[in-house]
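Chemist: Below is model13.tsv; it holds TSV, C-alpha atoms.
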chain	number	residue	atom	x	y	z
A	118	MET	CA	-10.71	7.61	-17.14
A	119	SER	CA	-10.29	5.18	-19.95
A	120	ALA	CA	-11.99	5.61	-23.27
A	121	GLU	CA	-14.89	3.55	-21.93
A	122	GLY	CA	-14.98	5.62	-18.74
A	123	THR	CA	-14.45	2.55	-16.55
A	124	ALA	CA	-12.24	2.52	-13.47
A	125	VAL	CA	-10.11	-0.54	-12.82
A	126	ILE	CA	-11.43	-0.68	-9.23
A	127	GLU	CA	-14.77	0.77	-8.14
A	128	LEU	CA	-16.03	0.52	-4.57
A	129	ARG	CA	-19.48	1.88	-3.82
A	130	SER	CA	-20.56	1.92	-0.16
A	131	LEU	CA	-18.63	-1.33	0.38
A	132	THR	CA	-19.65	-2.86	3.70
A	133	LYS	CA	-18.63	-6.19	5.20
A	134	ARG	CA	-20.01	-7.40	8.52
A	135	TYR	CA	-19.00	-10.40	10.60
A	136	GLY	CA	-22.06	-10.91	12.78
A	137	ARG	CA	-22.27	-7.78	14.91
A	138	SER	CA	-18.73	-6.76	14.04
A	139	VAL	CA	-18.12	-4.47	11.06
A	140	GLY	CA	-14.99	-5.10	8.97
A	141	VAL	CA	-15.47	-2.25	6.52
A	142	ASP	CA	-18.23	0.32	6.50
A	143	GLY	CA	-19.39	2.27	3.45
A	144	LEU	CA	-16.12	2.55	1.49
A	145	ASP	CA	-16.25	4.59	-1.74
A	146	LEU	CA	-13.14	4.49	-3.89
A	147	ASP	CA	-12.06	4.57	-7.55
A	148	ILE	CA	-8.62	3.47	-8.75
A	149	GLY	CA	-7.52	3.94	-12.33
A	150	ALA	CA	-5.20	2.24	-14.80
A	151	GLY	CA	-1.47	2.70	-14.33
A	152	GLU	CA	-1.70	3.63	-10.64
A	153	VAL	CA	0.25	2.20	-7.76
A	154	PHE	CA	-2.31	2.92	-5.07
A	155	GLY	CA	-1.62	2.52	-1.36
A	156	LEU	CA	-4.05	1.28	1.29
A	157	LEU	CA	-3.01	2.36	4.77
A	158	GLY	CA	-4.25	1.66	8.28
A	159	PRO	CA	-3.16	-0.26	11.38
A	160	ASN	CA	-4.20	-3.82	12.22
A	161	GLY	CA	-7.96	-4.09	12.49
A	162	ALA	CA	-8.63	-1.10	10.24
A	163	GLY	CA	-10.25	-3.18	7.48
A	164	LYS	CA	-7.48	-3.36	4.88
A	165	THR	CA	-7.37	-7.11	4.39
A	166	THR	CA	-11.17	-7.37	4.44
A	167	THR	CA	-11.24	-4.78	1.64
A	168	LEU	CA	-8.64	-6.67	-0.40
A	169	ARG	CA	-10.49	-9.97	-0.01
A	170	CYS	CA	-13.71	-8.38	-1.19
A	171	LEU	CA	-11.83	-7.01	-4.20
A	172	VAL	CA	-10.46	-10.36	-5.30
A	173	GLY	CA	-13.69	-12.26	-4.69
A	174	LEU	CA	-12.73	-14.18	-1.56
A	175	LEU	CA	-15.40	-12.39	0.47
A	176	LYS	CA	-18.89	-11.36	-0.56
A	177	PRO	CA	-19.85	-7.86	0.61
A	178	SER	CA	-22.68	-7.54	3.13
A	179	ALA	CA	-23.79	-4.38	1.31
A	180	GLY	CA	-22.60	-2.06	-1.41
A	181	ALA	CA	-20.80	-3.02	-4.60
A	182	VAL	CA	-17.34	-3.95	-5.87
A	183	ARG	CA	-16.46	-3.76	-9.55
A	184	ILE	CA	-13.22	-4.83	-11.19
A	185	LEU	CA	-13.27	-3.58	-14.78
A	186	GLY	CA	-17.00	-3.28	-14.44
A	187	LEU	CA	-17.38	-6.91	-13.29
A	188	ASP	CA	-18.43	-8.31	-9.93
A	189	PRO	CA	-15.45	-10.32	-8.58
A	190	VAL	CA	-17.81	-12.82	-6.89
A	191	ALA	CA	-20.59	-13.26	-9.47
A	192	ASP	CA	-18.19	-12.91	-12.44
A	193	HIS	CA	-15.26	-14.69	-10.80
A	194	ARG	CA	-14.33	-16.93	-13.72
A	195	ARG	CA	-14.27	-14.01	-16.16
A	196	VAL	CA	-12.36	-11.62	-13.95
A	197	SER	CA	-9.93	-14.06	-12.31
A	198	PRO	CA	-7.32	-14.22	-15.12
A	199	SER	CA	-6.88	-10.45	-14.90
A	200	ILE	CA	-6.02	-10.28	-11.18
A	201	GLY	CA	-2.82	-11.18	-9.37
A	202	TYR	CA	-3.01	-11.49	-5.59
A	203	LEU	CA	-0.40	-11.85	-2.88
A	204	PRO	CA	-2.12	-12.33	0.50
A	205	GLY	CA	-0.58	-11.01	3.69
A	206	GLU	CA	-0.35	-14.49	5.20
A	207	LEU	CA	0.89	-16.60	2.32
A	208	ARG	CA	0.16	-20.29	2.84
A	209	LEU	CA	1.40	-22.80	0.30
A	210	TYR	CA	1.34	-26.59	-0.05
A	211	PRO	CA	4.61	-27.67	1.63
A	212	GLU	CA	4.86	-30.96	-0.27
A	213	LEU	CA	4.90	-29.28	-3.71
A	214	THR	CA	8.06	-27.92	-5.28
A	215	GLY	CA	8.32	-24.25	-6.11
A	216	ARG	CA	7.82	-24.98	-9.81
A	217	GLN	CA	4.80	-27.20	-9.17
A	218	THR	CA	3.32	-24.47	-6.99
A	219	LEU	CA	3.68	-21.82	-9.71
A	220	ASP	CA	2.22	-24.11	-12.37
A	221	LEU	CA	-0.68	-25.17	-10.16
A	222	LEU	CA	-1.57	-21.57	-9.32
A	223	ALA	CA	-1.33	-20.53	-12.97
A	224	ASN	CA	-3.76	-23.33	-13.88
A	225	LEU	CA	-6.16	-22.32	-11.12
A	226	GLN	CA	-5.85	-18.74	-12.33
A	227	GLY	CA	-7.01	-19.75	-15.77
A	228	ALA	CA	-4.22	-17.81	-17.48
A	229	ALA	CA	-0.89	-18.53	-19.14
A	230	ALA	CA	2.25	-17.54	-17.23
A	231	PRO	CA	4.56	-15.92	-19.80
A	232	ARG	CA	6.67	-14.11	-17.19
A	233	GLN	CA	7.35	-17.04	-14.88
A	234	ALA	CA	10.96	-17.73	-15.92
A	235	GLU	CA	11.88	-14.04	-16.13
A	236	LEU	CA	10.48	-13.23	-12.68
A	237	CYS	CA	12.16	-16.23	-11.07
A	238	THR	CA	15.49	-15.07	-12.47
A	239	ARG	CA	15.02	-11.47	-11.37
A	240	LEU	CA	13.90	-12.46	-7.89
A	241	SER	CA	16.80	-14.92	-7.49
A	242	LEU	CA	14.85	-18.15	-7.46
A	243	SER	CA	17.23	-20.61	-9.10
A	244	ARG	CA	16.36	-23.88	-10.82
A	245	ALA	CA	17.60	-25.70	-7.74
A	246	ASP	CA	15.31	-23.56	-5.56
A	247	LEU	CA	12.31	-24.29	-7.78
A	248	ASP	CA	13.00	-28.04	-7.61
A	249	LYS	CA	12.90	-28.01	-3.78
A	250	SER	CA	9.72	-28.60	-1.83
A	251	VAL	CA	8.16	-25.40	-0.54
A	252	GLY	CA	8.28	-26.83	2.97
A	253	ALA	CA	12.07	-26.37	2.85
A	254	TYR	CA	11.82	-22.70	1.83
A	255	SER	CA	12.76	-19.80	4.05
A	256	ARG	CA	10.21	-17.05	4.64
A	257	GLY	CA	11.93	-14.83	2.09
A	258	MET	CA	11.90	-17.57	-0.57
A	259	LYS	CA	8.18	-18.15	-0.02
A	260	GLN	CA	7.55	-14.44	-0.39
A	261	LYS	CA	9.48	-14.35	-3.66
A	262	LEU	CA	7.45	-17.31	-4.92
A	263	GLY	CA	4.30	-15.44	-3.92
A	264	LEU	CA	5.38	-12.39	-5.92
A	265	VAL	CA	6.12	-14.54	-8.97
A	266	GLN	CA	2.68	-16.18	-8.89
A	267	ALA	CA	1.01	-12.78	-8.49
A	268	LEU	CA	2.74	-11.29	-11.54
A	269	GLN	CA	3.57	-14.23	-13.82
A	270	HIS	CA	0.41	-13.91	-15.97
A	271	ARG	CA	0.70	-10.12	-16.57
A	272	PRO	CA	-2.46	-9.23	-14.66
A	273	ALA	CA	-4.14	-5.91	-15.31
A	274	LEU	CA	-4.58	-5.54	-11.54
A	275	THR	CA	-2.16	-6.81	-8.90
A	276	VAL	CA	-3.28	-6.74	-5.27
A	277	LEU	CA	-0.39	-6.98	-2.81
A	278	ASP	CA	-0.80	-7.32	0.96
A	279	GLU	CA	2.49	-6.61	2.80
A	280	PRO	CA	4.56	-7.61	-0.25
A	281	THR	CA	8.09	-6.97	1.08
A	282	GLU	CA	7.74	-9.04	4.28
A	283	GLY	CA	10.85	-11.20	4.59
A	284	LEU	CA	12.61	-9.81	1.50
A	285	ASP	CA	16.22	-8.71	1.76
A	286	PRO	CA	17.14	-5.16	0.62
A	287	LEU	CA	18.46	-6.23	-2.80
A	288	VAL	CA	15.27	-8.12	-3.62
A	289	GLN	CA	13.22	-5.16	-2.38
A	290	GLU	CA	14.95	-3.01	-5.01
A	291	VAL	CA	13.91	-5.51	-7.69
A	292	PHE	CA	10.38	-5.36	-6.32
A	293	PHE	CA	10.23	-1.58	-6.77
A	294	GLU	CA	11.56	-1.96	-10.32
A	295	LEU	CA	8.75	-4.40	-11.04
A	296	LEU	CA	6.15	-1.97	-9.70
A	297	ALA	CA	7.48	0.77	-11.97
A	298	GLU	CA	7.29	-1.56	-14.96
A	299	GLU	CA	3.69	-2.50	-14.16
A	300	THR	CA	2.53	1.10	-14.16
A	301	ALA	CA	4.61	1.99	-17.23
A	302	ALA	CA	2.68	-0.76	-19.04
A	303	GLY	CA	-0.64	0.74	-17.91
A	304	ARG	CA	-1.33	-1.95	-15.34
A	305	THR	CA	-2.61	-1.20	-11.83
A	306	VAL	CA	-1.21	-2.16	-8.44
A	307	LEU	CA	-3.05	-1.92	-5.13
A	308	LEU	CA	-0.53	-2.10	-2.30
A	309	SER	CA	-1.31	-2.52	1.39
A	310	SER	CA	1.65	-2.10	3.70
A	311	HIS	CA	2.64	-1.08	7.22
A	312	VAL	CA	5.99	0.19	5.90
A	313	LEU	CA	5.21	3.85	5.22
A	314	PRO	CA	8.53	4.76	3.51
A	315	GLU	CA	7.80	1.90	1.11
A	316	VAL	CA	4.36	3.31	0.32
A	317	GLN	CA	5.79	6.82	-0.01
A	318	ARG	CA	8.33	5.57	-2.53
A	319	ALA	CA	5.98	3.43	-4.61
A	320	CYS	CA	2.52	5.01	-4.54
A	321	GLY	CA	1.03	8.03	-6.25
A	322	ARG	CA	-2.16	8.08	-4.16
A	323	VAL	CA	-3.22	6.50	-0.90
A	324	ALA	CA	-6.42	5.76	1.01
A	325	ILE	CA	-6.26	5.83	4.79
A	326	ILE	CA	-8.74	3.61	6.68
A	327	ARG	CA	-9.60	3.68	10.37
A	328	GLY	CA	-12.15	1.40	12.02
A	329	GLY	CA	-13.40	0.24	8.62
A	330	ARG	CA	-14.12	3.78	7.43
A	331	LEU	CA	-12.32	5.99	4.97
A	332	VAL	CA	-10.32	8.80	6.59
A	333	ALA	CA	-8.77	10.33	3.47
A	334	VAL	CA	-7.94	9.72	-0.18
A	335	GLN	CA	-5.13	11.93	-1.43
A	336	SER	CA	-1.96	11.94	-3.45
A	337	VAL	CA	1.16	11.23	-1.43
A	338	ALA	CA	2.59	14.57	-2.55
A	339	ALA	CA	-0.50	16.48	-1.33
A	340	LEU	CA	-0.48	14.69	2.01
A	341	ARG	CA	3.13	15.61	2.57
A	342	ARG	CA	2.70	19.23	1.43
A	343	ALA	CA	-0.19	19.75	3.81
A	344	ARG	CA	1.67	18.57	6.90
A	345	ALA	CA	4.06	20.50	9.12
A	346	ARG	CA	7.68	20.93	8.09
A	347	ARG	CA	10.43	19.99	10.48
A	348	ILE	CA	12.94	22.80	11.13
A	349	ARG	CA	16.20	21.84	12.84
A	350	LEU	CA	18.50	24.53	14.25
A	351	VAL	CA	21.97	24.35	15.77
A	352	LEU	CA	22.76	27.42	17.89
A	353	GLY	CA	26.28	28.82	17.66
A	354	ASP	CA	26.56	30.09	21.24
A	355	GLY	CA	26.39	26.56	22.65
A	356	ARG	CA	23.58	27.44	25.02
A	357	GLY	CA	20.62	25.16	25.38
A	358	GLU	CA	16.92	25.63	25.97
A	359	ARG	CA	15.58	29.18	26.11
A	360	PRO	CA	12.25	30.97	25.51
A	361	LEU	CA	11.37	31.27	21.81
A	362	GLY	CA	8.49	33.72	22.12
A	363	ALA	CA	5.91	33.20	19.38
A	364	ALA	CA	7.86	30.16	18.10
A	365	GLU	CA	6.87	28.24	21.24
A	366	ARG	CA	3.61	27.36	19.48
A	367	TRP	CA	5.58	25.14	17.10
A	368	SER	CA	6.38	22.52	19.76
A	369	PRO	CA	10.14	23.05	20.20
A	370	ARG	CA	12.17	20.02	21.26
A	371	TRP	CA	15.57	20.83	22.71
A	372	ASP	CA	18.72	18.75	22.83
A	373	GLY	CA	21.51	20.95	24.14
A	374	PRO	CA	22.11	23.71	21.55
A	375	ARG	CA	19.90	21.91	19.02
A	376	VAL	CA	16.20	22.59	18.67
A	377	GLU	CA	13.59	21.03	16.42
A	378	LEU	CA	10.23	22.62	15.54
A	379	LEU	CA	7.21	21.47	13.52
A	380	VAL	CA	5.97	24.42	11.48
A	381	PRO	CA	2.82	24.55	9.29
A	382	PRO	CA	3.66	25.15	5.62
A	383	ASP	CA	1.96	28.56	5.54
A	384	ASP	CA	4.17	29.79	8.41
A	385	LEU	CA	7.42	28.38	7.06
A	386	VAL	CA	8.99	31.48	5.47
A	387	ALA	CA	8.08	33.76	8.39
A	388	ALA	CA	9.34	31.17	10.88
A	389	VAL	CA	12.75	30.84	9.23
A	390	ARG	CA	13.09	34.63	8.96
A	391	ASP	CA	12.14	35.24	12.60
A	392	LEU	CA	14.33	32.46	13.96
A	393	LEU	CA	17.36	33.65	12.03
A	394	ALA	CA	16.78	37.21	13.28
A	395	ALA	CA	16.34	36.23	16.93
A	396	LEU	CA	18.85	33.41	17.45
A	397	PRO	CA	22.58	32.83	16.85
A	398	VAL	CA	21.96	30.11	14.26
A	399	ASP	CA	24.97	28.09	13.15
A	400	ASP	CA	23.04	25.63	11.00
A	401	LEU	CA	19.45	25.29	9.79
A	402	THR	CA	17.69	22.53	7.88
A	403	VAL	CA	14.08	22.29	6.72
A	404	GLU	CA	12.64	18.84	6.01
A	405	GLU	CA	9.47	18.11	4.13
A	406	ALA	CA	7.04	15.99	6.11
A	407	GLY	CA	7.18	12.29	5.41
A	408	LEU	CA	4.15	10.12	4.74
A	409	ASP	CA	4.49	8.65	8.23
A	410	GLU	CA	3.94	12.07	9.82
A	411	ALA	CA	1.03	12.83	7.49
A	412	PHE	CA	-0.54	9.46	8.25
A	413	LEU	CA	-0.24	9.92	12.02
A	414	ASP	CA	-1.61	13.47	11.85
A	415	LEU	CA	-4.68	12.36	9.89
A	416	TYR	CA	-5.22	9.24	11.94
A	417	ARG	CA	-5.10	11.06	15.27
A	418	ALA	CA	-7.17	13.98	14.06
A	419	GLY	CA	-9.96	11.76	12.74
A	420	GLU	CA	-10.54	13.97	9.73
A	421	GLU	CA	-13.44	13.38	7.40
A	422	PRO	CA	-12.61	11.85	4.01
A	423	ALA	CA	-10.83	14.33	1.81
A	424	ALA	CA	-12.91	15.51	-1.13
A	425	GLU	CA	-11.08	14.42	-4.23
A	426	PRO	CA	-12.55	13.78	-7.65
A	427	ARG	CA	-13.13	10.15	-8.47
A	428	ASN	CA	-10.40	9.14	-10.78
A	429	GLY	CA	-10.72	5.86	-12.57
A	430	THR	CA	-9.19	4.41	-15.62
A	431	GLY	CA	-8.20	1.36	-17.08
A	432	PRO	CA	-7.75	-2.03	-18.34
A	433	GLY	CA	-9.12	-5.05	-16.72
A	434	ASN	CA	-8.72	-7.23	-13.73
A	435	GLY	CA	-9.84	-10.27	-11.85
A	436	THR	CA	-8.94	-12.61	-9.09
A	437	GLY	CA	-5.57	-14.20	-8.68
A	438	PRO	CA	-4.36	-17.67	-8.12
A	439	GLY	CA	-2.57	-17.07	-4.89
A	440	SER	CA	-5.89	-15.95	-3.48
A	441	GLY	CA	-8.58	-18.60	-3.37
A	442	ALA	CA	-6.08	-21.29	-4.30
A	443	GLU	CA	-4.14	-21.04	-1.09
A	444	PRO	CA	-4.87	-23.71	1.45
A	445	GLY	CA	-6.03	-22.19	4.69
A	446	ASN	CA	-6.28	-18.65	3.35
A	447	GLY	CA	-8.96	-17.68	5.83
A	448	ALA	CA	-11.51	-15.04	5.03
A	449	GLY	CA	-13.21	-14.86	8.38
A	450	PRO	CA	-13.10	-12.15	11.00
A	451	GLU	CA	-10.13	-13.64	12.76
A	452	ALA	CA	-8.09	-13.14	9.60
A	453	ARG	CA	-9.05	-9.62	8.73
A	454	SER	CA	-6.86	-6.59	9.36
With the file now loaded, output its structure as structure tokens.

Modeler:
Amino acid sequence: MSAEGTAVIELRSLTKRYGRSVGVDGLDLDIGAGEVFGLLGPNGAGKTTTLRCLVGLLKPSAGAVRILGLDPVADHRRVSPSIGYLPGELRLYPELTGRQTLDLLANLQGAAAPRQAELCTRLSLSRADLDKSVGAYSRGMKQKLGLVQALQHRPALTVLDEPTEGLDPLVQEVFFELLAEETAAGRTVLLSSHVLPEVQRACGRVAIIRGGRLVAVQSVAALRRARARRIRLVLGDGRGERPLGAAERWSPRWDGPRVELLVPPDDLVAAVRDLLAALPVDDLTVEEAGLDEAFLDLYRAGEEPAAEPRNGTGPGNGTGPGSGAEPGNGAGPEARS
């Protein structure tokens, strides 16, 4: 918590309905200063609805949202300069140049843009690029422009929906550098992505949403530790599939003399010992579970939300230019995910 005891993001029983359809249902979540926090779930889970409620594009049907203690709808003008937002479906005015777009969004944001030139350079948007109309941009160039507008005013909170869509690998590396710099400066990033290795690399904690409800809130490290380890064996006698006795409960998958098992962490040492004693092992590797495996395990199992202390901190936030300023940035049920 910060000295004032205020979280950067506070959700209390957040609910958003679209007629009879429920976008999100009773979300409780605190996110503190200096976190890169991941929001996970497939299409239709409620991620984008949650993000739009956070930045003030949607008004909750019930519950409360607070950004630095402020309501992003009622206190929009006050909170807006402290939020940067990159929507998942970035729509820009095609007749404006890149530079005009950035300046317009900074003005709508109500904040100066001291990092504009630096970010354009680092994300490889040249002067010639910025003088072109956005209608001539590739998808990757539009995404880079979207990242610049989300970060150019040094927001205390940056909300990013699928931020690496269309970016080449070199630019993705710059993106991860920028995330690290944000948190090192005590600023907060909320990242929604379908790319689980990306979330695993960038985020300290994640929330998993299914059907608009919270499934779990945990650190990435804890999620991975709690999931099964993958043991891969290569058998020296060249023989293939055979009975493994008690090890059959670990779902062996055979490929000639190779076998792969998923072993719970508490059984790991005994499993390795027993397998080495019973089989002619030529090679053995143990892999820690990835976030993708942890996510799928939790999602299929339908676990209740993990009990974790609310952990808030932080400086302030608000709603970003690339949010409400985008033409056609729909906030209705057809646009939610």

Chemist: Closest to Gln289 in chain A among A:Leu264, A:Ala324, A:Leu187, A:Val334, using all atoms listed in the file?

Modeler: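 Nearest candidate to Gln289 in chain A out of A:Leu264, A:Ala324, A:Leu187, A:Val334: A:Leu264.
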
Chemist: Just want the 10 Å neighbourhood of Glu358 in chain A, counted on all atoms listed in the file, with same-chain residues fewer than 2 positions away dropped. Output as a list in words.

Modeler: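 The residues that qualify are Arg356, Pro360, Leu361, Pro369, Arg370, Trp371, Asp372, Gly373, Pro374, Arg375 and Val376 of chain A.
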
Chemist: Go ahead and save the residues from that selection, with C-alpha atoms, as a PDB file, in the frame of the given file.

Modeler:
ATOM      1  CA  ARG A 356      23.580  27.440  25.020  1.00  0.00           C
ATOM      2  CA  PRO A 360      12.250  30.970  25.510  1.00  0.00           C
ATOM      3  CA  LEU A 361      11.370  31.270  21.810  1.00  0.00           C
ATOM      4  CA  PRO A 369      10.140  23.050  20.200  1.00  0.00           C
ATOM      5  CA  ARG A 370      12.170  20.020  21.260  1.00  0.00           C
ATOM      6  CA  TRP A 371      15.570  20.830  22.710  1.00  0.00           C
ATOM      7  CA  ASP A 372      18.720  18.750  22.830  1.00  0.00           C
ATOM      8  CA  GLY A 373      21.510  20.950  24.140  1.00  0.00           C
ATOM      9  CA  PRO A 374      22.110  23.710  21.550  1.00  0.00           C
ATOM     10  CA  ARG A 375      19.900  21.910  19.020  1.00  0.00           C
ATOM     11  CA  VAL A 376      16.200  22.590  18.670  1.00  0.00           C
TER      12      VAL A 376
END

Chemist: Using all atoms listed in the file, can you tell me which of A:Leu157, A:Val251, A:Val172, A:Ala339 comes closest to Tyr210 in chain A?

Modeler: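 Using all atoms listed in the file, Tyr210 in chain A sits closest to A:Val251.
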
Chemist: May I ask which of the residues A:Val323, A:Leu207, A:Ala395, A:Leu401 is the closest one to Asp147 in chain A, counting all atoms listed in the file?

Modeler: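 Ranked by minimum distance to Asp147 in chain A, first place goes to A:Val323.
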
Chemist: Find, counting all atoms listed in the file, the residue in A:Gly263, A:Leu287, A:Pro272, A:Phe154 that gets nearest to Ala302 in chain A.

Modeler: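 Selected residue with least distance to Ala302 in chain A: A:Pro272.
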
Chemist: To one decimal place in Å, what is the distance between CA of Ala253 in chain A and CA of Glu290 in chain A?

Modeler: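 Taking CA of Ala253 in chain A and CA of Glu290 in chain A, their separation equals 24.8 Å.
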
Chemist: So how many Å separate CA of Val190 in chain A and CA of Thr132 in chain A, to one decimal?

Modeler: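 Here the two named atoms are 14.7 Å from each other.
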
Chemist: Emit as lines of an AutoDock Vina configuration file the padded axis-aligned box for all listed atoms of range 176-180 of chain A, 6 Å per side, with centre and edge lengths in Å to one decimal.

Modeler:
center_x = -21.3
center_y = -6.7
center_z = 0.9
size_x = 16.9
size_y = 21.3
size_z = 16.5

Chemist: Can you work out which one of A:Thr402, A:Thr214, A:Ser197, A:Ser250 has the shortest atom-to-atom distance to Leu379 in chain A, counting only C-alpha atoms?

Modeler: A:Thr402

Chemist: Report, in Å with one decimal, the straight-line distance from CA of Ile184 in chain A to CA of Thr305 in chain A.

Modeler: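 Between CA of Ile184 in chain A and CA of Thr305 in chain A the gap is 11.2 Å.
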
Chemist: Counting only C-alpha atoms, which of A:Asp383, A:Glu282, A:Glu206, A:Asp248 gets nearest to Thr165 in chain A?

Modeler: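 So, comparing all the options, the nearest one is A:Glu206.
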
Chemist: Using all atoms listed in the file, which protein or nucleic acid residues come within 9 Å of Val398 in chain A? Drop anything in the same chain fewer than 2 positions from it, and give the result as an mmCIF file with C-alpha atoms, keeping the file's coordinate frame.

Modeler:
data_model
loop_
_atom_site.group_PDB
_atom_site.id
_atom_site.type_symbol
_atom_site.label_atom_id
_atom_site.label_comp_id
_atom_site.auth_asym_id
_atom_site.auth_seq_id
_atom_site.Cartn_x
_atom_site.Cartn_y
_atom_site.Cartn_z
ATOM 1 C CA LEU A 350 18.500 24.530 14.250
ATOM 2 C CA VAL A 351 21.970 24.350 15.770
ATOM 3 C CA LEU A 352 22.760 27.420 17.890
ATOM 4 C CA GLY A 353 26.280 28.820 17.660
ATOM 5 C CA ASP A 354 26.560 30.090 21.240
ATOM 6 C CA LEU A 392 14.330 32.460 13.960
ATOM 7 C CA LEU A 393 17.360 33.650 12.030
ATOM 8 C CA ALA A 394 16.780 37.210 13.280
ATOM 9 C CA ALA A 395 16.340 36.230 16.930
ATOM 10 C CA LEU A 396 18.850 33.410 17.450
ATOM 11 C CA ASP A 400 23.040 25.630 11.000
ATOM 12 C CA LEU A 401 19.450 25.290 9.790
#

Chemist: What lies within 8 Å of His311 in chain A using all atoms listed in the file, ignoring chain neighbours under 4 positions off, as a ChimeraX atom specification?

Modeler: /A:157-159,279
